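Raw upload.cif, mmCIF, C-alpha atoms:
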```
data_input
loop_
_atom_site.label_atom_id
_atom_site.label_comp_id
_atom_site.auth_asym_id
_atom_site.auth_seq_id
_atom_site.Cartn_x
_atom_site.Cartn_y
_atom_site.Cartn_z
CA MET A 5 -0.80 -42.75 100.57
CA ASP A 6 1.10 -39.55 101.14
CA GLN A 7 0.06 -38.34 104.56
CA ILE A 8 -1.45 -39.69 107.76
CA ASP A 9 -2.06 -36.71 109.96
CA PHE A 10 -3.80 -36.66 113.33
CA GLU A 11 -3.35 -34.19 116.11
CA ASN A 12 -5.24 -34.43 119.36
CA ASP A 13 -7.96 -36.74 118.06
CA GLY A 14 -7.96 -39.27 120.86
CA LEU A 15 -5.95 -41.94 119.09
CA SER A 16 -4.87 -44.81 121.31
CA GLY A 17 -3.75 -48.39 120.93
CA ASN A 18 -0.47 -49.32 119.33
CA LEU A 19 1.57 -48.69 116.24
CA ILE A 20 1.37 -51.39 113.59
CA PRO A 21 4.25 -52.33 111.29
CA GLU A 22 1.96 -52.68 108.27
CA VAL A 23 2.10 -48.96 107.52
CA THR A 24 5.66 -49.38 106.26
CA ASN A 25 4.07 -50.98 103.21
CA LEU A 26 2.79 -47.52 102.31
CA ASP A 27 5.94 -46.93 100.41
CA GLN A 28 4.97 -43.48 99.19
CA LEU A 29 4.22 -42.14 102.66
CA ARG A 30 5.95 -38.85 103.48
CA PHE A 31 4.10 -37.55 106.55
CA PHE A 32 3.30 -39.73 109.54
CA ILE A 33 1.92 -37.45 112.21
CA LEU A 34 0.04 -38.78 115.22
CA GLU A 35 0.53 -36.03 117.77
CA GLN A 36 -1.05 -35.67 121.18
CA GLY A 37 -2.82 -38.94 121.70
CA SER A 38 -2.61 -41.99 123.91
CA ILE A 39 -0.72 -44.30 121.61
CA GLY A 40 1.32 -46.75 123.65
CA GLY A 41 3.59 -49.68 123.09
CA THR A 42 6.89 -49.59 121.32
CA ILE A 43 8.02 -48.15 118.03
CA PRO A 44 8.24 -51.02 115.54
CA SER A 45 11.76 -51.51 114.27
CA GLU A 46 10.25 -51.93 110.80
CA TYR A 47 9.69 -48.19 110.69
CA GLY A 48 13.27 -47.83 109.59
CA GLU A 49 12.08 -49.17 106.24
CA PHE A 50 10.26 -45.96 105.39
CA ASP A 51 12.12 -44.87 102.31
CA ARG A 52 10.40 -41.58 101.66
CA LEU A 53 9.22 -40.43 105.05
CA LEU A 54 9.95 -36.78 105.72
CA ILE A 55 8.20 -36.19 109.02
CA PHE A 56 7.80 -38.71 111.83
CA ASP A 57 5.92 -36.96 114.59
CA LEU A 58 4.49 -38.88 117.54
CA ASP A 59 5.09 -36.44 120.34
CA PHE A 60 2.85 -36.26 123.39
CA ASN A 61 1.84 -39.91 123.39
CA GLU A 62 2.60 -42.87 125.66
CA LEU A 63 5.23 -44.70 123.69
CA SER A 64 7.59 -46.82 125.72
CA GLY A 65 10.69 -48.91 125.24
CA SER A 66 13.81 -47.77 123.53
CA ILE A 67 14.10 -46.03 120.21
CA PRO A 68 15.02 -48.86 117.87
CA ASP A 69 18.36 -48.53 116.17
CA GLU A 70 16.70 -49.29 112.87
CA LEU A 71 14.60 -46.14 113.10
CA PHE A 72 17.64 -44.16 112.06
CA ASP A 73 17.79 -46.06 108.78
CA MET A 74 15.15 -43.79 107.33
CA LYS A 75 16.91 -42.29 104.37
CA VAL A 76 15.36 -38.88 103.87
CA LEU A 77 13.77 -38.05 107.21
CA GLN A 78 13.81 -34.35 107.99
CA GLN A 79 11.83 -34.13 111.21
CA LEU A 80 11.88 -36.55 114.16
CA ASP A 81 9.50 -35.67 116.97
CA LEU A 82 9.31 -38.13 119.81
CA ASN A 83 9.29 -35.77 122.75
CA ASP A 84 6.93 -36.24 125.68
CA ASN A 85 6.60 -40.00 125.66
CA ASN A 86 7.93 -42.73 127.95
CA LEU A 87 10.85 -43.81 125.81
CA ASP A 88 13.90 -45.11 127.63
CA GLY A 89 17.30 -46.54 126.91
CA ALA A 90 20.21 -44.87 125.21
CA LEU A 91 20.17 -42.98 121.96
CA SER A 92 21.78 -45.05 119.26
CA THR A 93 24.92 -43.89 117.56
CA ASN A 94 23.08 -44.69 114.35
CA ILE A 95 21.47 -41.31 114.62
CA GLY A 96 24.52 -39.96 112.88
CA SER A 97 23.36 -41.53 109.63
CA MET A 98 20.29 -39.31 109.39
CA THR A 99 22.10 -36.68 107.48
CA THR A 100 18.91 -35.11 106.12
CA LEU A 101 17.53 -34.39 109.60
CA THR A 102 16.76 -30.73 110.23
CA PHE A 103 14.54 -30.95 113.28
CA LEU A 104 14.97 -33.27 116.28
CA GLN A 105 12.99 -33.39 119.50
CA LEU A 106 13.52 -36.15 122.02
CA ASP A 107 13.05 -34.31 125.27
CA HIS A 108 10.73 -35.35 128.08
CA ASN A 109 11.38 -39.04 127.84
CA ASN A 110 13.31 -41.42 130.07
CA LEU A 111 16.37 -41.58 127.86
CA GLU A 112 19.64 -42.38 129.56
CA GLY A 113 23.29 -42.13 128.82
CA THR A 114 25.16 -39.54 126.90
CA ILE A 115 24.43 -37.92 123.63
CA PRO A 116 26.43 -39.86 121.09
CA THR A 117 29.09 -37.90 119.33
CA GLU A 118 27.52 -38.98 116.04
CA VAL A 119 24.94 -36.26 116.56
CA GLY A 120 27.64 -33.97 115.38
CA LEU A 121 27.36 -35.56 111.96
CA LEU A 122 23.88 -34.17 111.49
CA LYS A 123 25.02 -31.35 109.25
CA SER A 124 21.50 -30.34 108.28
CA LEU A 125 20.20 -30.05 111.82
CA ARG A 126 18.89 -26.59 112.54
CA LYS A 127 16.83 -27.12 115.66
CA TYR A 128 16.96 -29.76 118.30
CA LEU A 129 15.73 -30.39 121.77
CA LEU A 130 17.26 -33.38 123.45
CA VAL A 131 16.95 -32.86 127.17
CA ALA A 132 14.12 -32.15 129.48
CA THR A 133 13.18 -29.00 131.26
CA THR A 134 13.16 -30.11 134.83
CA THR A 135 14.77 -28.49 137.79
CA SER A 136 17.70 -30.79 137.54
CA CYS A 137 18.11 -30.83 133.85
CA PHE A 138 19.27 -28.33 131.39
CA LEU A 139 17.18 -27.17 128.50
CA SER A 140 19.04 -27.38 125.28
CA VAL A 141 17.48 -25.55 122.44
CA LEU A 142 19.65 -24.52 119.64
CA SER A 143 18.63 -22.82 116.50
CA SER A 144 21.46 -22.14 114.25
CA ASN A 145 22.45 -22.20 110.66
CA LYS A 146 25.83 -23.36 111.82
CA SER A 147 26.20 -26.96 112.77
CA SER A 148 29.84 -26.84 113.75
CA SER A 149 29.02 -26.14 117.38
CA LEU A 150 27.22 -29.49 117.54
CA PHE A 151 30.53 -31.25 117.65
CA PHE A 152 31.01 -29.96 121.15
CA LEU A 153 27.55 -30.85 122.32
CA PRO A 154 28.20 -34.36 123.63
CA THR A 155 30.80 -33.10 126.06
CA ILE A 156 28.67 -30.26 127.33
CA TYR A 157 25.20 -31.71 127.80
CA ARG A 158 23.96 -34.97 129.13
CA TYR A 159 20.57 -36.55 129.15
CA CYS A 160 18.49 -36.15 132.20
CA ILE A 161 17.45 -39.29 133.99
CA LEU A 162 13.86 -38.47 134.83
CA MET B 3 -40.78 -134.65 101.26
CA LYS B 4 -39.59 -132.10 103.67
CA SER B 5 -42.55 -129.89 104.26
CA LEU B 6 -45.47 -132.25 104.37
CA THR B 7 -45.97 -135.04 106.89
CA THR B 8 -48.22 -138.08 106.79
CA SER B 9 -50.55 -136.55 109.32
CA THR B 10 -50.88 -133.53 107.15
CA THR B 11 -51.76 -135.80 104.27
CA ILE B 12 -54.52 -137.45 106.34
CA ASN B 13 -55.89 -134.11 107.25
CA PHE B 14 -56.38 -133.46 103.61
CA ILE B 15 -58.31 -136.68 103.10
CA GLY B 16 -61.04 -134.94 101.18
CA VAL B 17 -58.49 -133.67 98.82
CA LEU B 18 -57.01 -137.11 98.55
CA VAL B 19 -60.33 -138.61 97.66
CA ALA B 20 -60.84 -136.04 95.00
CA ALA B 21 -57.39 -136.69 93.71
CA ARG B 22 -57.92 -140.40 93.76
CA GLN B 23 -61.11 -139.97 91.77
CA ALA B 24 -59.27 -137.82 89.33
CA TYR B 25 -56.57 -140.49 89.13
CA ALA B 26 -59.21 -143.17 88.62
CA ALA B 27 -60.89 -141.17 85.93
CA LYS B 28 -57.58 -140.66 84.23
CA HIS B 29 -56.81 -144.36 84.62
CA THR B 30 -60.25 -145.30 83.29
CA THR B 31 -59.67 -143.21 80.32
CA LEU B 32 -56.41 -144.95 79.66
CA GLN B 33 -57.94 -148.36 80.10
CA THR B 34 -60.84 -147.51 77.88
CA ARG B 35 -58.42 -146.57 75.20
CA ASN B 36 -56.88 -149.92 75.65
CA GLY B 37 -60.25 -151.76 75.68
CA HIS B 38 -60.00 -152.94 79.28
CA LEU B 39 -62.22 -152.02 82.21
CA SER B 40 -61.37 -152.41 85.83
CA ASN B 41 -64.04 -153.39 88.39
CA LYS B 42 -62.40 -151.34 90.97
CA LEU B 43 -63.00 -148.21 89.01
CA ASN B 44 -66.58 -148.09 90.06
CA ASN B 45 -65.98 -149.26 93.57
CA LYS B 46 -66.83 -146.49 96.05
CA ASP B 47 -64.94 -148.28 98.78
CA ILE B 48 -61.77 -146.41 98.17
CA ASP B 49 -58.63 -148.35 98.86
CA ILE B 50 -55.68 -145.97 99.39
CA ARG B 51 -52.42 -147.60 98.49
CA LYS B 52 -48.81 -146.54 98.80
CA GLU B 53 -48.64 -145.51 95.19
CA ASP B 54 -51.74 -143.47 95.72
CA ILE B 55 -50.18 -141.68 98.65
CA GLU B 56 -47.14 -140.83 96.59
CA PHE B 57 -49.28 -139.58 93.76
CA PHE B 58 -51.44 -137.54 96.07
CA THR B 59 -48.44 -136.12 97.75
CA ARG B 60 -46.94 -134.98 94.47
CA THR B 61 -50.25 -133.45 93.51
CA LEU B 62 -50.51 -131.58 96.80
CA GLN B 63 -46.96 -130.31 96.53
CA GLN B 64 -47.82 -128.83 93.20
CA SER B 65 -51.01 -127.28 94.54
CA PHE B 66 -49.58 -126.01 97.85
CA PRO B 67 -45.94 -124.98 97.58
CA PRO B 68 -44.02 -125.13 100.83
CA THR B 69 -44.55 -122.21 103.18
CA PRO B 70 -41.26 -120.40 104.05
CA GLN B 71 -40.27 -121.17 107.59
CA PRO B 72 -38.28 -118.84 109.87
CA ASN B 73 -34.60 -119.63 109.60
CA PRO B 74 -32.94 -119.76 112.99
CA ILE B 75 -29.56 -118.97 111.45
CA PRO B 76 -29.06 -115.19 111.00
CA THR B 77 -27.89 -114.12 107.61
CA THR B 78 -26.17 -110.95 106.49
CA PRO B 79 -28.47 -108.74 104.49
CA ALA B 80 -27.27 -107.69 101.12
CA PRO B 81 -25.95 -104.12 101.08
CA ILE B 82 -28.32 -101.45 99.91
CA PRO B 83 -26.90 -99.61 96.93
CA THR B 84 -26.89 -95.88 97.48
CA ARG B 85 -25.32 -92.70 95.91
CA ASN B 86 -23.50 -91.98 99.06
CA PRO B 87 -20.14 -93.74 99.17
CA ARG B 88 -20.01 -93.23 102.92
CA THR B 89 -20.20 -96.53 104.81
CA PRO B 90 -23.70 -96.66 106.23
CA ASN B 91 -24.02 -96.66 109.96
CA PRO B 92 -26.17 -99.58 111.16
CA THR B 93 -28.23 -97.04 113.07
CA ASP B 94 -28.73 -94.82 110.09
CA PRO B 95 -32.31 -94.54 108.88
CA PRO B 96 -33.05 -96.35 105.66
CA VAL B 97 -31.60 -94.57 102.67
CA PRO B 98 -34.01 -94.14 99.82
CA VAL B 99 -32.62 -95.70 96.71
CA GLU B 100 -32.77 -93.64 93.58
CA THR B 101 -32.50 -95.64 90.46
CA PRO B 102 -31.21 -93.59 87.57
CA ASN B 103 -33.14 -94.01 84.43
CA PRO B 104 -30.69 -95.57 82.01
CA THR B 105 -32.69 -94.26 79.11
CA ASP B 106 -32.72 -90.68 80.37
CA PRO B 107 -29.60 -88.81 79.14
CA THR B 108 -30.34 -85.86 81.43
CA ASP B 109 -29.69 -87.89 84.57
CA PRO B 110 -26.55 -86.45 86.23
CA PRO B 111 -23.71 -88.78 87.12
CA VAL B 112 -24.00 -90.29 90.54
CA GLY B 113 -22.56 -87.98 93.23
CA VAL B 114 -22.56 -84.83 91.14
CA ILE B 115 -24.78 -81.92 92.08
CA THR B 116 -25.64 -80.02 88.99
CA PRO B 117 -26.40 -76.35 89.69
CA ASN B 118 -29.31 -74.81 88.05
CA PRO B 119 -27.84 -73.12 84.99
CA THR B 120 -30.26 -70.26 85.44
CA ASP B 121 -28.95 -69.44 88.94
CA PRO B 122 -26.56 -66.44 88.83
CA VAL B 123 -23.12 -67.21 90.27
CA PRO B 124 -22.10 -64.35 92.59
CA LEU B 125 -18.82 -62.83 91.50
CA VAL B 126 -16.56 -60.25 93.13
CA CYS B 127 -13.82 -58.74 90.98
CA GLY B 128 -14.80 -61.38 88.42
CA LEU B 129 -14.07 -64.15 90.88
CA PRO B 130 -16.37 -66.53 92.73
CA VAL B 131 -16.78 -65.28 96.26
CA ASP B 132 -14.76 -68.06 97.86
CA ILE B 133 -11.87 -67.50 95.46
CA TYR B 134 -12.03 -63.76 96.01
CA GLU B 135 -11.89 -64.17 99.77
CA SER B 136 -9.03 -66.62 99.49
CA GLN B 137 -7.00 -64.28 97.31
CA MET B 138 -7.68 -61.32 99.57
CA ARG B 139 -6.46 -63.33 102.51
CA GLU B 140 -3.35 -64.32 100.60
CA LEU B 141 -2.77 -60.66 99.86
CA ALA B 142 -3.11 -59.78 103.54
CA LEU B 143 -0.58 -62.48 104.37
CA THR B 144 2.00 -60.69 102.25
CA ILE B 145 1.63 -57.75 104.65
CA THR B 146 0.79 -59.33 107.98
CA ASP B 147 2.22 -62.45 109.58
CA ALA B 148 -0.07 -65.47 109.79
CA ALA B 149 -0.19 -65.59 113.58
CA THR B 150 -1.49 -62.04 113.77
CA LEU B 151 -3.98 -62.51 110.96
CA ASN B 152 -5.27 -65.74 112.49
CA ASN B 153 -5.92 -63.96 115.76
CA GLN B 154 -9.51 -62.89 115.23
CA GLY B 155 -9.16 -60.17 117.83
CA SER B 156 -6.24 -58.49 116.12
CA PRO B 157 -6.75 -55.20 114.27
CA GLN B 158 -5.49 -56.85 111.12
CA ALA B 159 -8.03 -59.69 111.28
CA LYS B 160 -10.78 -57.18 111.94
CA ALA B 161 -9.62 -55.15 108.96
CA LEU B 162 -9.69 -58.14 106.64
CA ASN B 163 -13.08 -59.19 107.91
CA TRP B 164 -14.35 -55.68 107.36
CA LEU B 165 -13.02 -55.67 103.80
CA LEU B 166 -14.67 -58.98 103.01
CA THR B 167 -18.00 -58.50 104.71
CA GLU B 168 -18.77 -54.86 105.42
CA ASP B 169 -16.93 -52.57 103.07
CA THR B 170 -19.45 -50.83 100.81
CA LEU B 171 -16.95 -49.43 98.34
CA ASP B 172 -18.36 -49.95 94.86
CA PRO B 173 -16.63 -51.27 92.86
CA PRO B 174 -14.76 -53.10 95.57
CA VAL B 175 -11.03 -53.34 95.90
CA CYS B 176 -9.59 -56.37 94.18
CA PRO B 177 -6.65 -58.64 94.99
CA ASP B 178 -4.77 -57.56 91.88
CA ASP B 179 -5.29 -53.83 92.33
CA GLY B 180 -1.65 -53.08 92.97
CA PRO B 181 -0.04 -51.36 95.93
CA CYS B 182 -2.69 -48.69 96.38
CA GLY B 183 -5.83 -50.77 96.03
CA ALA B 184 -6.70 -53.57 98.37
CA ARG B 185 -3.30 -53.37 100.07
CA GLN B 186 -3.65 -49.74 101.02
CA ARG B 187 -7.26 -50.08 102.11
CA TYR B 188 -6.41 -53.11 104.23
CA ILE B 189 -3.52 -51.27 105.88
CA MET B 190 -5.58 -48.20 106.66
CA ALA B 191 -8.41 -50.29 108.07
CA SER B 192 -5.83 -52.08 110.23
CA PHE B 193 -4.54 -48.71 111.38
CA TYR B 194 -8.07 -47.68 112.31
CA TYR B 195 -8.68 -50.74 114.46
CA ALA B 196 -5.19 -50.62 115.98
CA SER B 197 -5.41 -46.99 117.05
CA GLY B 198 -8.72 -47.12 118.84
CA GLY B 199 -10.91 -46.30 115.88
CA GLY B 200 -14.43 -45.91 117.17
CA THR B 201 -13.24 -43.94 120.19
CA TRP B 202 -11.55 -41.13 118.33
CA ASP B 203 -12.77 -37.61 118.87
CA GLN B 204 -13.59 -37.28 115.19
CA CYS B 205 -13.97 -39.26 111.99
CA ASN B 206 -15.08 -42.53 113.56
CA ALA B 207 -16.75 -45.05 111.28
CA PRO B 208 -20.54 -44.88 111.12
CA GLN B 209 -22.45 -47.17 113.40
CA LEU B 210 -24.50 -48.52 110.52
CA ASN B 211 -24.20 -48.61 106.77
CA THR B 212 -27.24 -46.45 106.29
CA ALA B 213 -27.34 -43.10 104.57
CA GLY B 214 -28.35 -41.38 107.78
CA ALA B 215 -25.62 -42.97 109.87
CA ILE B 216 -22.99 -42.20 107.26
CA ALA B 217 -24.13 -38.60 106.99
CA LEU B 218 -23.96 -38.27 110.76
CA ALA B 219 -20.46 -39.76 110.87
CA ASN B 220 -19.28 -37.49 108.09
CA ALA B 221 -20.72 -34.50 109.89
CA ASN B 222 -18.55 -35.43 112.86
CA CYS B 223 -15.36 -35.47 110.82
CA ASP B 224 -13.68 -32.15 110.31
CA ARG B 225 -10.08 -33.27 110.24
CA VAL B 226 -7.90 -32.24 107.36
CA VAL B 227 -4.21 -32.80 106.99
CA THR B 228 -1.55 -30.23 107.74
CA PRO B 229 -1.15 -28.14 104.59
CA PHE B 230 2.53 -28.66 104.00
CA PRO B 231 3.71 -26.67 101.03
CA VAL B 232 4.00 -29.63 98.72
CA ASN B 233 3.67 -29.23 95.03
CA ASN B 234 2.44 -32.61 93.92
CA PRO B 235 -1.24 -33.11 93.06
CA ARG B 236 -2.91 -34.31 96.23
CA ILE B 237 -6.16 -36.12 96.84
CA GLY B 238 -8.07 -36.01 100.09
CA ALA B 239 -6.00 -33.26 101.68
CA THR B 240 -9.18 -31.37 102.52
CA SER B 241 -11.58 -34.30 102.62
CA THR B 242 -13.52 -35.01 105.75
CA ASP B 243 -15.24 -38.33 105.19
CA ALA B 244 -15.62 -40.66 108.13
CA TRP B 245 -13.37 -43.70 108.19
CA LEU B 246 -14.50 -47.05 106.81
CA THR B 247 -17.15 -45.39 104.69
CA GLY B 248 -17.60 -46.54 101.11
CA VAL B 249 -15.35 -43.97 99.50
CA ASP B 250 -11.72 -44.17 98.56
CA GLU B 251 -9.64 -44.32 101.73
CA CYS B 252 -7.75 -41.24 100.57
CA LEU B 253 -10.89 -39.25 101.33
CA TRP B 254 -11.12 -40.34 104.94
CA GLY B 255 -10.39 -37.49 107.33
CA GLY B 256 -6.73 -37.06 108.19
CA LEU B 257 -5.40 -38.76 105.08
CA ALA B 258 -4.01 -37.47 101.83
CA CYS B 259 -2.74 -39.32 98.83
CA TRP B 260 -0.63 -38.58 95.87
CA GLY B 261 -2.79 -37.41 92.94
CA THR B 262 -4.77 -39.64 90.70
CA ASP B 263 -3.99 -42.21 88.14
CA ASP B 264 -6.26 -43.93 85.75
CA ASP B 265 -5.00 -47.47 85.86
CA ARG B 266 -7.44 -48.67 88.47
CA ASN B 267 -10.86 -47.98 87.00
CA GLY B 268 -10.69 -44.37 87.96
CA LYS B 269 -10.03 -45.07 91.59
CA ILE B 270 -7.73 -42.80 93.48
CA SER B 271 -4.39 -44.34 93.91
CA CYS B 272 -0.84 -43.66 94.75
CA TYR B 273 1.82 -43.66 92.10
CA VAL B 274 5.40 -42.86 91.51
CA PHE B 275 7.16 -40.54 93.84
CA VAL B 276 7.70 -37.34 91.93
CA HIS B 277 8.33 -34.50 94.29
CA ILE B 278 9.91 -33.98 97.62
CA LEU B 279 8.89 -31.27 99.98
#
```
Just give me the structure as structure tokens.
Amino acid sequence: MDQIDFENDGLSGNLIPEVTNLDQLRFFILEQGSIGGTIPSEYGEFDRLLIFDLDFNELSGSIPDELFDMKVLQQLDLNDNNLDGALSTNIGSMTTLTFLQLDHNNLEGTIPTEVGLLKSLRKYLLVATTTSCFLSVLSSNKSSSLFFLPTIYRYCIL
Amino acid sequence: MKSLTTSTTINFIGVLVAARQAYAAKHTTLQTRNGHLSNKLNNKDIDIRKEDIEFFTRTLQQSFPPTPQPNPIPTTPAPIPTRNPRTPNPTDPPVPVETPNPTDPTDPPVGVITPNPTDPVPLVCGLPVDIYESQMRELALTITDAATLNNQGSPQAKALNWLLTEDTLDPPVCPDDGPCGARQRYIMASFYYASGGGTWDQCNAPQLNTAGAIALANANCDRVVTPFPVNNPRIGATSTDAWLTGVDECLWGGLACWGTDDDRNGKISCYVFVHIL
């Protein structure tokens, strides 16, 4: 299996850990549904996953630290869910990441400085667009400015 | 003399007389042989003596063997030999006893049911059905924990049950297919049940395994995968078959697989990772 790809097809229920046995999977896209529950920590075992896109669903709980063990992930889309907790410093190990969206969740705390290690990151959206929060969208071929990001922006507590 | 009494003997007086006459005749014969005649032999006034009674009694015993009398002491009946080694329940109905013919070499051994050799044995993947199901379950247990699989309401249990009882893929997936055979199909069926399959907007499984129902389900499946600019051969990227239909799972709407290989009877499969986006 190479690609599981659903967008706005009324998917619901929960994520199952069994899909990590699809060891050739590169695209796991379940956008705009009603999928709830937590993200299984086993998803960090995806060795070849390039895109992990579950935005606009009803996921809850924290983002498991193990999720950042994915070795070649390029796109992480988890915006517009009900995720909470703090962003793990392990995110700094996803050196292949080019696209990151985590906005519109209930994340707390500060952006870990390890985000600055994401040398390949070209576009990211970490905070929400509410009246009290600052929208942070950065598209740049330069990643050096990311080193200053943790001291400038903070997560919104929604 | 345990079974005859004196009164009984008297009741059989006619018999006694006859016996006495027979005795006398026999005696006469003996005396005649010896050249002596007894006056009493012709005397009709029969004189019954003790020796006569004993003789008559012996004669009657030989003519009328004792009638079995009810025994007031209960006895344990001898066990009834049966083929069933189970201890018979006293309330069980009588078990018919089959006596094997010792001269018939075709009689099966006791306790062995010999199938009719002309009956076809159903096989799946070359295995008897019960073995096939057992191996498929073992395969599922390498992917799913036992507690989840034993929960009949879980998506995984539903997926396994579907594979074993409803999947119409022909030839079926087999336990030794490799990572992209039974394993992949089981995982995708689990995904279907876990993500609300049946209530999706598109590509739901058909309600029935009829041609009409499948055609209707396929007609309501227009989902193709995002055309990422990958350069590996892909299967199912534009396929729009309904889920859980009897085609390779790579053809179900919303799925795409790495190209084909020919090591699984021509079935679509995954194989080595060759290219990266």
* To do: Give as an NGL selection string the set of residues within 8 Å of the point (13.9, -39.9, 105.2), where distances use the file's coordinates and only C-alpha atoms.
  => :A and (50-55 or 74-78 or 98 or 100-101)
* Find the spatial neighbours of Gly198 in chain B, counting only C-alpha atoms, within a cut-off of 10 Å - ignore same-chain residues fewer than 4 positions away - and output them as a ChimeraX atom specification. => /A:14-18,38-39 /B:157,193-194,202,206
* Residue with smallest distance to Gly238 in chain B - pool B:Ile145, B:Cys252, B:Cys176, B:Leu210, counting only C-alpha atoms ->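 Nearest to Gly238 in chain B: B:Cys252.
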* If we count all atoms listed in the file, what is near Gly48 in chain A at a cut-off of 12 Å, once residues fewer than 3 positions away on the same chain are taken out, given as a PyMOL selection string? -> chain A and resi 21+23-25+27+43-45+51-53+56+67-77+94-95+97-98
* To do: Provide the CA of Glu62 in chain A to CA of Leu34 in chain A distance in Å, to one decimal place.
  => 11.5 Å
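When the PyMOL selection byres ((chain A and resi 84) around 10) is evaluated on the file shown here, the picked residues come out as Gln36, Leu58, Asp59, Phe60, Asn61, Glu62, Leu63, Asp81, Leu82, Asn83, Asn85, Asn86, Leu87, Gln105, Leu106, Asp107, His108, Asn109, Asn110 and Ala132 of chain A.
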* Separation of CA of Cys205 in chain B and CA of Gly255 in chain B, in Å? -> 6.1 Å
* To do: I need the residue set behind the PyMOL selection byres ((chain B) within 8 of (chain A)) for this file; please write it as a PyMOL selection string.
  => chain B and resi 145-146+181-182+186+189-190+192-193+196-199+201-204+225-228+252+256-260+271-275
* CA of Thr242 in chain B to CA of Asp224 in chain B, straight-line distance in Å ->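 It comes out at 5.4 Å.
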Name the residues that the PyMOL selection byres ((chain A and resi 122) around 9) picks from the file above, as a tab-separated table (two decimals) with C-alpha atoms, keeping the file's coordinate frame, using the file's chain letters and numbers.
```tsv
chain	number	residue	atom	x	y	z
A	95	ILE	CA	21.47	-41.31	114.62
A	96	GLY	CA	24.52	-39.96	112.88
A	97	SER	CA	23.36	-41.53	109.63
A	98	MET	CA	20.29	-39.31	109.39
A	99	THR	CA	22.10	-36.68	107.48
A	100	THR	CA	18.91	-35.11	106.12
A	101	LEU	CA	17.53	-34.39	109.60
A	102	THR	CA	16.76	-30.73	110.23
A	118	GLU	CA	27.52	-38.98	116.04
A	119	VAL	CA	24.94	-36.26	116.56
A	120	GLY	CA	27.64	-33.97	115.38
A	121	LEU	CA	27.36	-35.56	111.96
A	123	LYS	CA	25.02	-31.35	109.25
A	124	SER	CA	21.50	-30.34	108.28
A	125	LEU	CA	20.20	-30.05	111.82
A	147	SER	CA	26.20	-26.96	112.77
A	150	LEU	CA	27.22	-29.49	117.54
```
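Distances to Gln158 in chain B were evaluated for B:Asn234, B:Leu143, B:Thr247, B:Asn222 using all atoms listed in the file, and the minimum falls at B:Leu143.
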* Taking (-15.3, -63.0, 95.9) in the file's own coordinates, collect the residues within 12 Å, counting all atoms listed in the file, and hand them back as a list in words. => Val123, Pro124, Leu125, Val126, Cys127, Gly128, Leu129, Pro130, Val131, Asp132, Ile133, Tyr134, Glu135, Ser136, Gln137, Met138, Arg139, Leu165, Leu166, Thr167, Pro174, Val175, Cys176 and Pro177 of chain B
Same residues, C-alpha atoms, output as an mmCIF file, in the frame of the given file:
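The file below, selection_18.cif, is the result:
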```
data_model
loop_
_atom_site.group_PDB
_atom_site.id
_atom_site.type_symbol
_atom_site.label_atom_id
_atom_site.label_comp_id
_atom_site.auth_asym_id
_atom_site.auth_seq_id
_atom_site.Cartn_x
_atom_site.Cartn_y
_atom_site.Cartn_z
ATOM 1 C CA VAL B 123 -23.120 -67.210 90.270
ATOM 2 C CA PRO B 124 -22.100 -64.350 92.590
ATOM 3 C CA LEU B 125 -18.820 -62.830 91.500
ATOM 4 C CA VAL B 126 -16.560 -60.250 93.130
ATOM 5 C CA CYS B 127 -13.820 -58.740 90.980
ATOM 6 C CA GLY B 128 -14.800 -61.380 88.420
ATOM 7 C CA LEU B 129 -14.070 -64.150 90.880
ATOM 8 C CA PRO B 130 -16.370 -66.530 92.730
ATOM 9 C CA VAL B 131 -16.780 -65.280 96.260
ATOM 10 C CA ASP B 132 -14.760 -68.060 97.860
ATOM 11 C CA ILE B 133 -11.870 -67.500 95.460
ATOM 12 C CA TYR B 134 -12.030 -63.760 96.010
ATOM 13 C CA GLU B 135 -11.890 -64.170 99.770
ATOM 14 C CA SER B 136 -9.030 -66.620 99.490
ATOM 15 C CA GLN B 137 -7.000 -64.280 97.310
ATOM 16 C CA MET B 138 -7.680 -61.320 99.570
ATOM 17 C CA ARG B 139 -6.460 -63.330 102.510
ATOM 18 C CA LEU B 165 -13.020 -55.670 103.800
ATOM 19 C CA LEU B 166 -14.670 -58.980 103.010
ATOM 20 C CA THR B 167 -18.000 -58.500 104.710
ATOM 21 C CA PRO B 174 -14.760 -53.100 95.570
ATOM 22 C CA VAL B 175 -11.030 -53.340 95.900
ATOM 23 C CA CYS B 176 -9.590 -56.370 94.180
ATOM 24 C CA PRO B 177 -6.650 -58.640 94.990
#
```
* With all atoms listed in the file as the basis for distance, which of B:Ala191, B:Ala221, B:Ala159, B:Ala215 is at the shortest distance from Ser241 in chain B? ->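 Between B:Ala191, B:Ala221, B:Ala159, B:Ala215, the residue approaching Ser241 in chain B most closely is B:Ala221.
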* **Which residue of B:Ala244, B:Ala184, B:Leu171, B:Ala161 approaches Gln209 in chain B most closely, using all atoms listed in the file** =>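 Closest to Gln209 in chain B of all the choices is B:Ala244.
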